[in-house]
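Below is one structure, written out as structure tokens, with a few remarks after it.
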Amino acid sequence: MRATLFGRRSHDRGVSDLLAFTLTFSIIITGIALVSLGGLGAFDAIQQGATTDVAETSMVGFAETTDDHIKGDAPRRTTSMKLQGHGLSLQSSTLNVTVDGRSTNISTGALIRETDSGTGIVYTSGAVYRVQREGLVVSRKPSLRCSSDSVYLSVLSLDGQTDFSSSGRVTIETTLRNKTLISPQAGHSPSATTVSINVSETAYPDAWHRLFEQELSNWSSHSEPHTYQCTGISRAVVHNTTVDVRTIT
């Protein structure tokens with residue numbers, strides 16, 4: 001009788017130990033799986049963020065390179081970047097500049113690098129924007145100066161055709177075509193009292209809105225939508241530099 005009870009208890013203890021081991025092992029495996037899945041998701045997010053940062057840096061580099069056409073009259077410049085499967089396109093974008101009632105449309109173009117995550121890194125007329133689902137970020141400001149007595153606008157226009165994607169390295173070549181003095185007109189004084197900029201026909205009006213509201217505080221909102229103005233000045237100068245864009249793969 002005692003032997004039977006002892007055997008039964010030993011058997012029950014063995015079953016309990018087996019169940020405990022199985023349960024513990026299952027918990028460990030489940031924990032590893034959850035950590036692995038969470039870790040992979042976090043790794044993917046970190047990798048996408050790093051890729052977007054690299055894309056943004058490359059577009060800021062392009063902006064700084066093209067500035068040589070404005071500041072130093074450079075006839076030709078090249079920028080190399082690895083697209084990592086991203087798309088690159090040149091889209092239409094137009095700024096409207098009005099100096100004391102005289103209005104001029106300047107076709108600036110917008111070079112857009114589209115990442116795998118759907119984030120767009122946009123270069124247009126010296127400015128660089130990061131456009132993503134979470135919102136807009138101004139990565140680089142353009143040369144749109146509004147001071148207490150004067151306005152100076154240096155607008156760069158891109159002309160050409162670019163629409164492709166690549167996993168390798170590409171070279172973007174910009175060639176100076178011409179430089180134009182928009183205002184004042186030849187033979188006229190640069191005197192002016194009000195300058196306004198309308199961004200409604202740009203590729204990303206909301207990005208320009210963020211720029212003026214947060215980075216260019218000297219410009220004030222106009223009653224007309226997507227329009228900003230600089231008033232109370234005595235002179236204004238508006239330059240436009242046009243470059244041809246060619247992509248070499």
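Residues in the structure tokens are numbered from 1 in each chain, the chains being A, B, ... in the order shown, and ligands are numbered from 1 in the order shown.
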Query raised in the report: Any idea what's packed within 6 Å of region 73-82 of chain A, counting only C-alpha atoms, ignoring anything in its chain fewer than 6 positions away? Could you give it as number ranges by chain?
Result: A: 62, 168-176
Query - Shell around Tyr123 (chain A) at 12 Å using only C-alpha atoms, local window under 5 positions removed, as a PyMOL selection string - result: chain A and resi 55-66+88-93+108-114+128-131+138-142+156-158+202-204+207-208
Report task. DSSP on the backbone, then: every residue of region 123-221 of chain A marked alpha helix (DSSP H), written as a ChimeraX atom specification. Result -> /A:205-214
Query raised in the report: So which residues of region 114-178 of chain A fall under strand (DSSP E or B) by DSSP, listed as a ChimeraX atom specification?
Result: /A:114,120-124,127-132,135-140,144-146,150-160,163-165,169-178
Query raised in the report: If you count only C-alpha atoms, which residues fall within 10 Å of Ser189 (chain A), apart from same-chain ones fewer than 3 positions away, as a list of chain:residue names?
Result: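 Answer for this query is A:Ser183, A:Pro184, A:Gln185, A:Ala186, A:Ala192, A:Arg235, A:Ala236, A:Val237.
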